[in-house]
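To keep things clear, I will list the structure first and then write my remarks on it.
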Amino acid sequence: MWSVPLIAIAQIPEAVLRVSPGGVYWVSYADDAPLDNLVWATLVRASEAMGRTVWITATDPEPLLVAGGPLLQQLAAAMDLGNIRTFMAGTPEGISRVQEELDYFTGMDDQLILIEQADRFLFAPQSPGIDVALRQLCQWARQHRCSVLLLVPAGSGQPAVVPLLSGVARLEMQSQSPHWTVDYWFADAAVVAHQAYRLGIRKDGWLCKEEALSLVGVGEQSGILDEGRVVVSRAALTGPTAPVGWEVLESNDLFSARLSGLVAATLLLHFDSTMSLESLAQTVFTLRQMFGARVKIVVREVNAHLRYNQELLLFQVGANLVIPAEVNFNRVRGLLDALMGQVYARVLPADIDAFLGEVRQPRTHGFQPLPEFVAMVRQAIGHGNQLSVAHALVRLLPPPGLKPLEVLTRLETQRMGDLYTADDESIYVFFYSCREEYVDMAMDRLFRIPVSELSEGEVRFLSLETIAQAIDALSRRQGEHERATEKVSAPVQITSTNRMSAAPQRPPVPARRRPLPLRAARKEPLP
C-alpha cells in the first residue's frame, strides 16, 4: 500500500487525497481552474513516492518546462530520471486502445496513471460508449493494481456508472478562488463525502487549503455512502420479516432490475435446489459489473448445498461469500457485519458465457476406458487452473492374485466427475473437486468393502502439477503398450477407436506490434 497521499494539495486531510491501487478516480475541472498546478505537483509527489508514474497529456510539455519555476524544475528532473513517463495523444482514441498500448510496456503494475483531457478517450468515436469504456478501465486498473486519475473538463457530464469509480471530485472556481470539492472518495480504510475546501497557491506552485467549507444541504447524494444498506431476497430469510432497515426483494432476478446507484451496500442472494448454478452465476456477475468492487455480494444456501468447485466458481464471477445452509440467521448477520469495508479484488472473466462453458462441471462418472479417462482428467485439470480448485488422483496396486480389472468390479460411484480406470498393473481413481482432507472419506464411499482388502499399496497425487505428471506418464505407458502390440501383430494392422490422435500443430505466428497512438514527449529510458 502506498504510504503517502498522491494528490498534491497542501494542508488538506489525507483521506481526500489518497488513491488506492486498482482505483479509478474522476476529477472534473473548470477552464479557469489552476489545473496545471495540481497536475505538476501530483506528478512530482507520485514520482518521489513510487518512482513509477505515467502522464498522458494532449499538449507538449517541453515549452512549459523551459519556462522554469521551482515546481517545473522538479517536474523536469523527475522526467529526466525516467520516474515520469510522458506521452502525448496524437489523435483521440478509445480508452481500450490506450489500455492495449500501455500493456505493451513492461512493469505497468502498481503505478499512478494520470490522464489529462480524459474525455478525448472516453468520448472518442472509437470508444464503445463511456459506461462500457469505464467498466473496461476499472477492470484493467484492478488487474494491474494501477491507480488511474481521470481529469475531465467540466461540462463533459458524468457517466451513469459513477458507483464503479473510487472517487469523484471537482476543481472549480467560486468567487475567483479555486475550490476542491469531493462528492465521495474511497482510499484505504477511509471513506469521505461532501467535503469542500477553498484553495490558494503557494510560492512553490502547490495548491494549499485556505478554508474548510460546509456542504450541508449542498449536492446531496444519499446513495453514495450506503455501507450499512442490506438488500435480501425473500428466500434468504428464515422468517417472514426482515431485520429493521433491510430491503426485501422477492427473487434474485429482481436485484439487477430494481437496484441502481449502489456503492458499498450488501446484497444477500439465495441458492436452493430449484435453481441452476449457471443462472445464479450470471446474476452475481451482472451485479458485480453493475456496481463495482465495493458492493458485497453474498449467497446463502437454502435447503441445498453447493459443491466446493461451485463455490469457487461464484467467487470467480463476483461473490464475496457463500454461507452454508447450516448457519443460523443470527450468525448470518454477524458474517455480513464482518464484510464491512471489504473490496472485491478478483479480476472478472471477460466473457461470462465462455467462462462458464470452460468450467462446466462434468456430467460423467464411473469407469472409463483408459484413453477417455486420460482426456477427462486433463480437462478437469484445466478447470482446476481456471477456478483454483483441488482434485485428487489415487493409484492403487492390487494384491497378489487379483487383476486390476477384477478390482474395478468392486467400485461404485454416483458423484459426477469421479472416474476410475485400470491398466495391466494398477487401478487409477480420480476424485473431482476433492481436497486432500476428504480423500479418505471419498475412498470409503467408493469401495463396497475395505480398501485394504483390495489393495496392497497406493500413491496419492494431490496437486494439479503432480496429477498432470502422473497422467502424462500413464498416457506414455499406454502408447508404448499399443506400439508393442502392433509390432507383435504385424503384418495385421490393428486400429483402436479409443486411441487419441494428436491434433495437427500450426506453425507459430510471429508477434506483431501495433503502432502506438501515443508518442513519447521526451526521450526516456524503458523500465
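In the C-alpha cells, chains take the letters A, B, ... in the order shown, each chain's residues start at 1, and ligands count up from 1 in the order shown.
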
A:Asp183 environment, 7 Å, only C-alpha atoms, sequence neighbours closer than 5 positions dropped, as a ChimeraX atom specification
/A:168-169,193-195

Excluding stretch 27-36 of chain A and its own-chain neighbours fewer than 6 positions away, which residues fall within 7 Å of it when counting only C-alpha atoms? Please give them as number ranges by chain.
A: 150-154, 168-173, 178

Would you put the residues from that selection into a file with N, CA and C atoms, as a CSV table (one decimal), in the first residue's frame?
chain,number,residue,atom,x,y,z
A,150,LEU,N,-8.5,10.4,-13.8
A,150,LEU,CA,-9.1,10.9,-15.0
A,150,LEU,C,-9.4,12.4,-14.8
A,151,LEU,N,-8.8,13.3,-15.5
A,151,LEU,CA,-9.0,14.7,-15.5
A,151,LEU,C,-9.9,15.1,-16.6
A,152,VAL,N,-11.2,15.5,-16.4
A,152,VAL,CA,-12.2,15.7,-17.4
A,152,VAL,C,-12.7,17.1,-17.3
A,153,PRO,N,-12.8,17.9,-18.4
A,153,PRO,CA,-13.3,19.2,-18.4
A,153,PRO,C,-14.7,19.2,-17.8
A,154,ALA,N,-15.0,20.3,-17.0
A,154,ALA,CA,-16.4,20.4,-16.5
A,154,ALA,C,-17.3,20.6,-17.7
A,168,VAL,N,-15.0,10.8,-6.9
A,168,VAL,CA,-15.5,11.8,-7.7
A,168,VAL,C,-15.2,13.2,-7.0
A,169,ALA,N,-14.5,14.0,-7.7
A,169,ALA,CA,-14.2,15.3,-7.1
A,169,ALA,C,-14.2,16.4,-8.2
A,170,ARG,N,-14.2,17.7,-7.8
A,170,ARG,CA,-14.2,18.8,-8.7
A,170,ARG,C,-13.2,19.8,-8.3
A,171,LEU,N,-12.4,20.4,-9.3
A,171,LEU,CA,-11.6,21.5,-9.1
A,171,LEU,C,-12.2,22.7,-9.8
A,172,GLU,N,-12.9,23.6,-9.1
A,172,GLU,CA,-13.7,24.6,-9.7
A,172,GLU,C,-13.4,25.9,-9.1
A,173,MET,N,-13.9,26.9,-9.8
A,173,MET,CA,-13.7,28.3,-9.4
A,173,MET,C,-15.0,28.9,-8.8
A,178,PRO,N,-10.0,29.1,-6.3
A,178,PRO,CA,-10.2,27.7,-6.6
A,178,PRO,C,-10.7,26.9,-5.4

For A:Met50, work out the shell of residues within 9 Å, counting only C-alpha atoms and skipping chain neighbours fewer than 6 positions away, then give it as a PyMOL selection string.
chain A and resi 2+83+110-112

Considering only C-alpha atoms, can you say which of A:Gly457, A:Pro398, A:Pro324, A:Gly23 comes closest to A:Arg135?
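For A:Arg135, the nearest of the candidates is A:Gly23.
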
Can you list, as JSON, numbers by chain, every protein, DNA or RNA residue that comes within 12 Å of stretch 418-425 of chain A when you count only C-alpha atoms, leaving out same-chain residues fewer than 5 positions away?
{"A": [361, 362, 363, 364, 365, 366, 367, 368, 369, 370, 371, 372, 373, 374, 375, 376, 377, 380, 391, 392, 393, 394, 395, 396, 397, 398, 399, 400, 402, 403, 404, 405, 406, 407, 408, 409, 410, 411, 412, 413, 430, 431, 432, 433, 434, 439, 442, 443, 445, 446, 447, 455, 471, 474, 475, 477, 478, 479, 481, 482]}

Counting only C-alpha atoms, which residue out of A:Gln174, A:Phe329, A:Glu116, A:Leu277 sits closest to A:Gly239?
A:Phe329

From the DSSP assignment of the backbone, select every residue of stretch 37-187 of chain A that is alpha helix (DSSP H), and format the answer as a PDB file with N, CA, C and O atoms, in the first residue's frame.
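File states.pdb, as written:
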ATOM      1  N   ASN A  37      -1.160  23.435 -11.827  1.00  0.00           N
ATOM      2  CA  ASN A  37      -0.511  23.341 -10.515  1.00  0.00           C
ATOM      3  C   ASN A  37      -0.823  22.014  -9.842  1.00  0.00           C
ATOM      4  O   ASN A  37       0.055  21.391  -9.229  1.00  0.00           O
ATOM      5  N   LEU A  38      -2.079  21.564  -9.963  1.00  0.00           N
ATOM      6  CA  LEU A  38      -2.461  20.273  -9.379  1.00  0.00           C
ATOM      7  C   LEU A  38      -1.745  19.128 -10.081  1.00  0.00           C
ATOM      8  O   LEU A  38      -1.213  18.217  -9.437  1.00  0.00           O
ATOM      9  N   VAL A  39      -1.699  19.172 -11.413  1.00  0.00           N
ATOM     10  CA  VAL A  39      -1.083  18.088 -12.187  1.00  0.00           C
ATOM     11  C   VAL A  39       0.411  18.012 -11.909  1.00  0.00           C
ATOM     12  O   VAL A  39       0.959  16.939 -11.617  1.00  0.00           O
ATOM     13  N   TRP A  40       1.104  19.128 -12.013  1.00  0.00           N
ATOM     14  CA  TRP A  40       2.566  19.106 -11.853  1.00  0.00           C
ATOM     15  C   TRP A  40       2.972  18.626 -10.467  1.00  0.00           C
ATOM     16  O   TRP A  40       3.857  17.778 -10.324  1.00  0.00           O
ATOM     17  N   ALA A  41       2.315  19.179  -9.421  1.00  0.00           N
ATOM     18  CA  ALA A  41       2.674  18.785  -8.064  1.00  0.00           C
ATOM     19  C   ALA A  41       2.346  17.316  -7.803  1.00  0.00           C
ATOM     20  O   ALA A  41       3.102  16.603  -7.130  1.00  0.00           O
ATOM     21  N   THR A  42       1.223  16.852  -8.340  1.00  0.00           N
ATOM     22  CA  THR A  42       0.848  15.449  -8.154  1.00  0.00           C
ATOM     23  C   THR A  42       1.848  14.519  -8.828  1.00  0.00           C
ATOM     24  O   THR A  42       2.239  13.489  -8.266  1.00  0.00           O
ATOM     25  N   LEU A  43       2.283  14.856 -10.028  1.00  0.00           N
ATOM     26  CA  LEU A  43       3.275  14.040 -10.723  1.00  0.00           C
ATOM     27  C   LEU A  43       4.589  13.988  -9.955  1.00  0.00           C
ATOM     28  O   LEU A  43       5.209  12.922  -9.829  1.00  0.00           O
ATOM     29  N   VAL A  44       5.014  15.140  -9.434  1.00  0.00           N
ATOM     30  CA  VAL A  44       6.268  15.174  -8.670  1.00  0.00           C
ATOM     31  C   VAL A  44       6.150  14.331  -7.412  1.00  0.00           C
ATOM     32  O   VAL A  44       7.023  13.516  -7.097  1.00  0.00           O
ATOM     33  N   ARG A  45       5.043  14.494  -6.678  1.00  0.00           N
ATOM     34  CA  ARG A  45       4.872  13.723  -5.443  1.00  0.00           C
ATOM     35  C   ARG A  45       4.796  12.227  -5.738  1.00  0.00           C
ATOM     36  O   ARG A  45       5.400  11.412  -5.037  1.00  0.00           O
ATOM     37  N   ALA A  46       4.039  11.835  -6.767  1.00  0.00           N
ATOM     38  CA  ALA A  46       3.908  10.412  -7.083  1.00  0.00           C
ATOM     39  C   ALA A  46       5.249   9.817  -7.496  1.00  0.00           C
ATOM     40  O   ALA A  46       5.581   8.689  -7.129  1.00  0.00           O
ATOM     41  N   SER A  47       6.028  10.572  -8.279  1.00  0.00           N
ATOM     42  CA  SER A  47       7.329  10.048  -8.717  1.00  0.00           C
ATOM     43  C   SER A  47       8.280   9.884  -7.535  1.00  0.00           C
ATOM     44  O   SER A  47       9.088   8.965  -7.499  1.00  0.00           O
ATOM     45  N   GLU A  48       8.192  10.798  -6.538  1.00  0.00           N
ATOM     46  CA  GLU A  48       9.034  10.673  -5.355  1.00  0.00           C
ATOM     47  C   GLU A  48       8.597   9.493  -4.487  1.00  0.00           C
ATOM     48  O   GLU A  48       9.431   8.785  -3.917  1.00  0.00           O
ATOM     49  N   ALA A  49       7.295   9.268  -4.400  1.00  0.00           N
ATOM     50  CA  ALA A  49       6.781   8.208  -3.532  1.00  0.00           C
ATOM     51  C   ALA A  49       6.901   6.835  -4.152  1.00  0.00           C
ATOM     52  O   ALA A  49       7.143   5.842  -3.456  1.00  0.00           O
ATOM     53  N   MET A  50       6.718   6.744  -5.480  1.00  0.00           N
ATOM     54  CA  MET A  50       6.625   5.447  -6.147  1.00  0.00           C
ATOM     55  C   MET A  50       7.742   5.213  -7.153  1.00  0.00           C
ATOM     56  O   MET A  50       8.122   4.078  -7.413  1.00  0.00           O
ATOM     57  N   GLU A  62       7.178  20.363 -23.242  1.00  0.00           N
ATOM     58  CA  GLU A  62       8.509  20.948 -23.376  1.00  0.00           C
ATOM     59  C   GLU A  62       8.517  22.467 -23.200  1.00  0.00           C
ATOM     60  O   GLU A  62       9.347  22.999 -22.459  1.00  0.00           O
ATOM     61  N   PRO A  63       7.628  23.234 -23.866  1.00  0.00           N
ATOM     62  CA  PRO A  63       7.655  24.696 -23.671  1.00  0.00           C
ATOM     63  C   PRO A  63       7.416  25.103 -22.223  1.00  0.00           C
ATOM     64  O   PRO A  63       7.984  26.091 -21.754  1.00  0.00           O
ATOM     65  N   LEU A  64       6.584  24.334 -21.498  1.00  0.00           N
ATOM     66  CA  LEU A  64       6.336  24.655 -20.103  1.00  0.00           C
ATOM     67  C   LEU A  64       7.585  24.453 -19.257  1.00  0.00           C
ATOM     68  O   LEU A  64       7.902  25.274 -18.383  1.00  0.00           O
ATOM     69  N   LEU A  65       8.310  23.370 -19.515  1.00  0.00           N
ATOM     70  CA  LEU A  65       9.493  23.067 -18.724  1.00  0.00           C
ATOM     71  C   LEU A  65      10.571  24.121 -18.912  1.00  0.00           C
ATOM     72  O   LEU A  65      11.335  24.428 -17.996  1.00  0.00           O
ATOM     73  N   VAL A  66      10.636  24.700 -20.107  1.00  0.00           N
ATOM     74  CA  VAL A  66      11.631  25.741 -20.381  1.00  0.00           C
ATOM     75  C   VAL A  66      11.335  26.988 -19.556  1.00  0.00           C
ATOM     76  O   VAL A  66      12.244  27.736 -19.175  1.00  0.00           O
ATOM     77  N   ALA A  67      10.051  27.218 -19.253  1.00  0.00           N
ATOM     78  CA  ALA A  67       9.666  28.427 -18.526  1.00  0.00           C
ATOM     79  C   ALA A  67      10.241  28.468 -17.125  1.00  0.00           C
ATOM     80  O   ALA A  67      10.394  29.541 -16.542  1.00  0.00           O
ATOM     81  N   PRO A  70      10.109  26.710  -9.537  1.00  0.00           N
ATOM     82  CA  PRO A  70      10.500  25.591  -8.658  1.00  0.00           C
ATOM     83  C   PRO A  70       9.772  24.291  -8.978  1.00  0.00           C
ATOM     84  O   PRO A  70      10.389  23.225  -9.029  1.00  0.00           O
ATOM     85  N   LEU A  71       8.475  24.363  -9.189  1.00  0.00           N
ATOM     86  CA  LEU A  71       7.699  23.156  -9.420  1.00  0.00           C
ATOM     87  C   LEU A  71       8.047  22.524 -10.763  1.00  0.00           C
ATOM     88  O   LEU A  71       8.195  21.301 -10.874  1.00  0.00           O
ATOM     89  N   LEU A  72       8.185  23.355 -11.791  1.00  0.00           N
ATOM     90  CA  LEU A  72       8.533  22.827 -13.111  1.00  0.00           C
ATOM     91  C   LEU A  72       9.945  22.263 -13.128  1.00  0.00           C
ATOM     92  O   LEU A  72      10.233  21.304 -13.852  1.00  0.00           O
ATOM     93  N   GLN A  73      10.844  22.838 -12.349  1.00  0.00           N
ATOM     94  CA  GLN A  73      12.195  22.286 -12.264  1.00  0.00           C
ATOM     95  C   GLN A  73      12.176  20.893 -11.650  1.00  0.00           C
ATOM     96  O   GLN A  73      12.879  19.980 -12.114  1.00  0.00           O
ATOM     97  N   GLN A  74      11.383  20.720 -10.616  1.00  0.00           N
ATOM     98  CA  GLN A  74      11.250  19.386 -10.028  1.00  0.00           C
ATOM     99  C   GLN A  74      10.629  18.398 -11.019  1.00  0.00           C
ATOM    100  O   GLN A  74      11.039  17.235 -11.092  1.00  0.00           O
ATOM    101  N   LEU A  75       9.641  18.877 -11.764  1.00  0.00           N
ATOM    102  CA  LEU A  75       8.997  18.016 -12.757  1.00  0.00           C
ATOM    103  C   LEU A  75       9.984  17.591 -13.833  1.00  0.00           C
ATOM    104  O   LEU A  75      10.054  16.413 -14.216  1.00  0.00           O
ATOM    105  N   ALA A  76      10.777  18.547 -14.348  1.00  0.00           N
ATOM    106  CA  ALA A  76      11.765  18.232 -15.382  1.00  0.00           C
ATOM    107  C   ALA A  76      12.804  17.239 -14.868  1.00  0.00           C
ATOM    108  O   ALA A  76      13.215  16.318 -15.581  1.00  0.00           O
ATOM    109  N   ALA A  77      13.232  17.401 -13.605  1.00  0.00           N
ATOM    110  CA  ALA A  77      14.223  16.482 -13.037  1.00  0.00           C
ATOM    111  C   ALA A  77      13.667  15.067 -12.939  1.00  0.00           C
ATOM    112  O   ALA A  77      14.356  14.088 -13.262  1.00  0.00           O
ATOM    113  N   ALA A  78      12.415  14.943 -12.512  1.00  0.00           N
ATOM    114  CA  ALA A  78      11.799  13.611 -12.407  1.00  0.00           C
ATOM    115  C   ALA A  78      11.656  12.970 -13.781  1.00  0.00           C
ATOM    116  O   ALA A  78      11.833  11.751 -13.927  1.00  0.00           O
ATOM    117  N   MET A  79      11.335  13.772 -14.788  1.00  0.00           N
ATOM    118  CA  MET A  79      11.201  13.231 -16.140  1.00  0.00           C
ATOM    119  C   MET A  79      12.556  12.792 -16.682  1.00  0.00           C
ATOM    120  O   MET A  79      12.665  11.752 -17.345  1.00  0.00           O
ATOM    121  N   ASP A  80      13.606  13.574 -16.405  1.00  0.00           N
ATOM    122  CA  ASP A  80      14.940  13.207 -16.876  1.00  0.00           C
ATOM    123  C   ASP A  80      15.426  11.911 -16.236  1.00  0.00           C
ATOM    124  O   ASP A  80      16.160  11.136 -16.858  1.00  0.00           O
ATOM    125  N   ILE A  95     -10.550   4.397 -25.101  1.00  0.00           N
ATOM    126  CA  ILE A  95      -9.774   4.075 -23.909  1.00  0.00           C
ATOM    127  C   ILE A  95      -9.234   2.656 -23.960  1.00  0.00           C
ATOM    128  O   ILE A  95      -8.163   2.371 -23.428  1.00  0.00           O
ATOM    129  N   SER A  96      -9.938   1.748 -24.619  1.00  0.00           N
ATOM    130  CA  SER A  96      -9.450   0.362 -24.709  1.00  0.00           C
ATOM    131  C   SER A  96      -8.152   0.307 -25.504  1.00  0.00           C
ATOM    132  O   SER A  96      -7.268  -0.495 -25.208  1.00  0.00           O
ATOM    133  N   ARG A  97      -8.017   1.165 -26.533  1.00  0.00           N
ATOM    134  CA  ARG A  97      -6.778   1.187 -27.313  1.00  0.00           C
ATOM    135  C   ARG A  97      -5.623   1.708 -26.456  1.00  0.00           C
ATOM    136  O   ARG A  97      -4.503   1.214 -26.535  1.00  0.00           O
ATOM    137  N   VAL A  98      -5.906   2.702 -25.618  1.00  0.00           N
ATOM    138  CA  VAL A  98      -4.874   3.213 -24.723  1.00  0.00           C
ATOM    139  C   VAL A  98      -4.423   2.111 -23.770  1.00  0.00           C
ATOM    140  O   VAL A  98      -3.226   1.936 -23.511  1.00  0.00           O
ATOM    141  N   GLN A  99      -5.369   1.325 -23.235  1.00  0.00           N
ATOM    142  CA  GLN A  99      -5.010   0.221 -22.357  1.00  0.00           C
ATOM    143  C   GLN A  99      -4.126  -0.790 -23.082  1.00  0.00           C
ATOM    144  O   GLN A  99      -3.140  -1.278 -22.513  1.00  0.00           O
ATOM    145  N   GLU A 100      -4.461  -1.113 -24.320  1.00  0.00           N
ATOM    146  CA  GLU A 100      -3.659  -2.073 -25.074  1.00  0.00           C
ATOM    147  C   GLU A 100      -2.228  -1.576 -25.221  1.00  0.00           C
ATOM    148  O   GLU A 100      -1.269  -2.348 -25.079  1.00  0.00           O
ATOM    149  N   GLU A 101      -2.078  -0.306 -25.521  1.00  0.00           N
ATOM    150  CA  GLU A 101      -0.738   0.214 -25.750  1.00  0.00           C
ATOM    151  C   GLU A 101       0.038   0.339 -24.442  1.00  0.00           C
ATOM    152  O   GLU A 101       1.249   0.123 -24.412  1.00  0.00           O
ATOM    153  N   LEU A 102      -0.637   0.677 -23.338  1.00  0.00           N
ATOM    154  CA  LEU A 102       0.049   0.701 -22.057  1.00  0.00           C
ATOM    155  C   LEU A 102       0.491  -0.705 -21.658  1.00  0.00           C
ATOM    156  O   LEU A 102       1.540  -0.885 -21.043  1.00  0.00           O
ATOM    157  N   ASP A 103      -0.313  -1.710 -21.995  1.00  0.00           N
ATOM    158  CA  ASP A 103       0.057  -3.092 -21.700  1.00  0.00           C
ATOM    159  C   ASP A 103       1.329  -3.498 -22.430  1.00  0.00           C
ATOM    160  O   ASP A 103       2.036  -4.417 -22.001  1.00  0.00           O
ATOM    161  N   TYR A 104       1.620  -2.823 -23.532  1.00  0.00           N
ATOM    162  CA  TYR A 104       2.816  -3.182 -24.303  1.00  0.00           C
ATOM    163  C   TYR A 104       4.086  -2.915 -23.499  1.00  0.00           C
ATOM    164  O   TYR A 104       5.070  -3.628 -23.623  1.00  0.00           O
ATOM    165  N   ASP A 119     -11.642  13.005 -21.479  1.00  0.00           N
ATOM    166  CA  ASP A 119     -12.816  12.921 -22.339  1.00  0.00           C
ATOM    167  C   ASP A 119     -12.453  12.596 -23.780  1.00  0.00           C
ATOM    168  O   ASP A 119     -13.256  12.047 -24.529  1.00  0.00           O
ATOM    169  N   ARG A 120     -11.207  12.924 -24.200  1.00  0.00           N
ATOM    170  CA  ARG A 120     -10.757  12.598 -25.560  1.00  0.00           C
ATOM    171  C   ARG A 120     -10.746  11.095 -25.797  1.00  0.00           C
ATOM    172  O   ARG A 120     -10.894  10.630 -26.924  1.00  0.00           O
ATOM    173  N   PHE A 121     -10.565  10.321 -24.711  1.00  0.00           N
ATOM    174  CA  PHE A 121     -10.527   8.863 -24.834  1.00  0.00           C
ATOM    175  C   PHE A 121     -11.884   8.246 -24.511  1.00  0.00           C
ATOM    176  O   PHE A 121     -12.331   7.317 -25.173  1.00  0.00           O
ATOM    177  N   LEU A 122     -12.533   8.772 -23.466  1.00  0.00           N
ATOM    178  CA  LEU A 122     -13.791   8.182 -23.033  1.00  0.00           C
ATOM    179  C   LEU A 122     -14.926   8.471 -24.006  1.00  0.00           C
ATOM    180  O   LEU A 122     -15.827   7.654 -24.187  1.00  0.00           O
ATOM    181  N   ILE A 130     -19.210   5.587 -23.039  1.00  0.00           N
ATOM    182  CA  ILE A 130     -18.485   5.930 -21.817  1.00  0.00           C
ATOM    183  C   ILE A 130     -18.689   4.898 -20.709  1.00  0.00           C
ATOM    184  O   ILE A 130     -17.740   4.557 -20.002  1.00  0.00           O
ATOM    185  N   ASP A 131     -19.908   4.366 -20.570  1.00  0.00           N
ATOM    186  CA  ASP A 131     -20.151   3.400 -19.494  1.00  0.00           C
ATOM    187  C   ASP A 131     -19.355   2.120 -19.717  1.00  0.00           C
ATOM    188  O   ASP A 131     -18.729   1.592 -18.795  1.00  0.00           O
ATOM    189  N   VAL A 132     -19.374   1.623 -20.945  1.00  0.00           N
ATOM    190  CA  VAL A 132     -18.606   0.411 -21.258  1.00  0.00           C
ATOM    191  C   VAL A 132     -17.112   0.687 -21.117  1.00  0.00           C
ATOM    192  O   VAL A 132     -16.357  -0.132 -20.577  1.00  0.00           O
ATOM    193  N   ALA A 133     -16.670   1.855 -21.601  1.00  0.00           N
ATOM    194  CA  ALA A 133     -15.253   2.187 -21.520  1.00  0.00           C
ATOM    195  C   ALA A 133     -14.781   2.263 -20.071  1.00  0.00           C
ATOM    196  O   ALA A 133     -13.686   1.784 -19.731  1.00  0.00           O
ATOM    197  N   LEU A 134     -15.597   2.837 -19.190  1.00  0.00           N
ATOM    198  CA  LEU A 134     -15.210   2.927 -17.787  1.00  0.00           C
ATOM    199  C   LEU A 134     -15.190   1.559 -17.117  1.00  0.00           C
ATOM    200  O   LEU A 134     -14.343   1.286 -16.269  1.00  0.00           O
ATOM    201  N   ARG A 135     -16.129   0.688 -17.492  1.00  0.00           N
ATOM    202  CA  ARG A 135     -16.094  -0.673 -16.949  1.00  0.00           C
ATOM    203  C   ARG A 135     -14.788  -1.355 -17.353  1.00  0.00           C
ATOM    204  O   ARG A 135     -14.137  -2.018 -16.532  1.00  0.00           O
ATOM    205  N   GLN A 136     -14.394  -1.211 -18.615  1.00  0.00           N
ATOM    206  CA  GLN A 136     -13.141  -1.805 -19.075  1.00  0.00           C
ATOM    207  C   GLN A 136     -11.952  -1.232 -18.315  1.00  0.00           C
ATOM    208  O   GLN A 136     -11.039  -1.959 -17.903  1.00  0.00           O
ATOM    209  N   LEU A 137     -11.965   0.084 -18.117  1.00  0.00           N
ATOM    210  CA  LEU A 137     -10.845   0.735 -17.441  1.00  0.00           C
ATOM    211  C   LEU A 137     -10.761   0.310 -15.982  1.00  0.00           C
ATOM    212  O   LEU A 137      -9.661   0.063 -15.457  1.00  0.00           O
ATOM    213  N   CYS A 138     -11.892   0.206 -15.302  1.00  0.00           N
ATOM    214  CA  CYS A 138     -11.887  -0.234 -13.902  1.00  0.00           C
ATOM    215  C   CYS A 138     -11.370  -1.666 -13.782  1.00  0.00           C
ATOM    216  O   CYS A 138     -10.607  -1.993 -12.859  1.00  0.00           O
ATOM    217  N   GLN A 139     -11.769  -2.520 -14.712  1.00  0.00           N
ATOM    218  CA  GLN A 139     -11.279  -3.900 -14.718  1.00  0.00           C
ATOM    219  C   GLN A 139      -9.775  -3.933 -14.938  1.00  0.00           C
ATOM    220  O   GLN A 139      -9.041  -4.652 -14.258  1.00  0.00           O
ATOM    221  N   TRP A 140      -9.303  -3.150 -15.883  1.00  0.00           N
ATOM    222  CA  TRP A 140      -7.861  -3.102 -16.194  1.00  0.00           C
ATOM    223  C   TRP A 140      -7.074  -2.584 -15.001  1.00  0.00           C
ATOM    224  O   TRP A 140      -6.016  -3.111 -14.662  1.00  0.00           O
ATOM    225  N   ALA A 141      -7.574  -1.533 -14.337  1.00  0.00           N
ATOM    226  CA  ALA A 141      -6.869  -0.953 -13.201  1.00  0.00           C
ATOM    227  C   ALA A 141      -6.747  -1.952 -12.057  1.00  0.00           C
ATOM    228  O   ALA A 141      -5.696  -2.057 -11.416  1.00  0.00           O
ATOM    229  N   ARG A 142      -7.830  -2.697 -11.780  1.00  0.00           N
ATOM    230  CA  ARG A 142      -7.758  -3.701 -10.710  1.00  0.00           C
ATOM    231  C   ARG A 142      -6.771  -4.795 -11.059  1.00  0.00           C
ATOM    232  O   ARG A 142      -6.040  -5.291 -10.196  1.00  0.00           O
ATOM    233  N   GLN A 143      -6.754  -5.198 -12.322  1.00  0.00           N
ATOM    234  CA  GLN A 143      -5.855  -6.271 -12.740  1.00  0.00           C
ATOM    235  C   GLN A 143      -4.393  -5.880 -12.555  1.00  0.00           C
ATOM    236  O   GLN A 143      -3.567  -6.692 -12.150  1.00  0.00           O
ATOM    237  N   HIS A 144      -4.060  -4.623 -12.851  1.00  0.00           N
ATOM    238  CA  HIS A 144      -2.664  -4.168 -12.790  1.00  0.00           C
ATOM    239  C   HIS A 144      -2.341  -3.433 -11.496  1.00  0.00           C
ATOM    240  O   HIS A 144      -1.203  -2.991 -11.316  1.00  0.00           O
TER     241      HIS A 144
END

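Take the candidates A:Leu213, A:Thr266, A:Leu356, A:Tyr184 and check each one against A:Arg198 using only C-alpha atoms; the shortest distance goes to A:Leu213.
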
Nearest residue to A:Ala118 from the set A:Arg415, A:Gln282, A:Val24, A:Arg85 (distances using only C-alpha atoms)
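Under the stated criterion, the closest residue is A:Val24.
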
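Taking atom CA of A:Lys209 and atom CA of A:Asp60 as endpoints, the distance between them is 29.4 Å.
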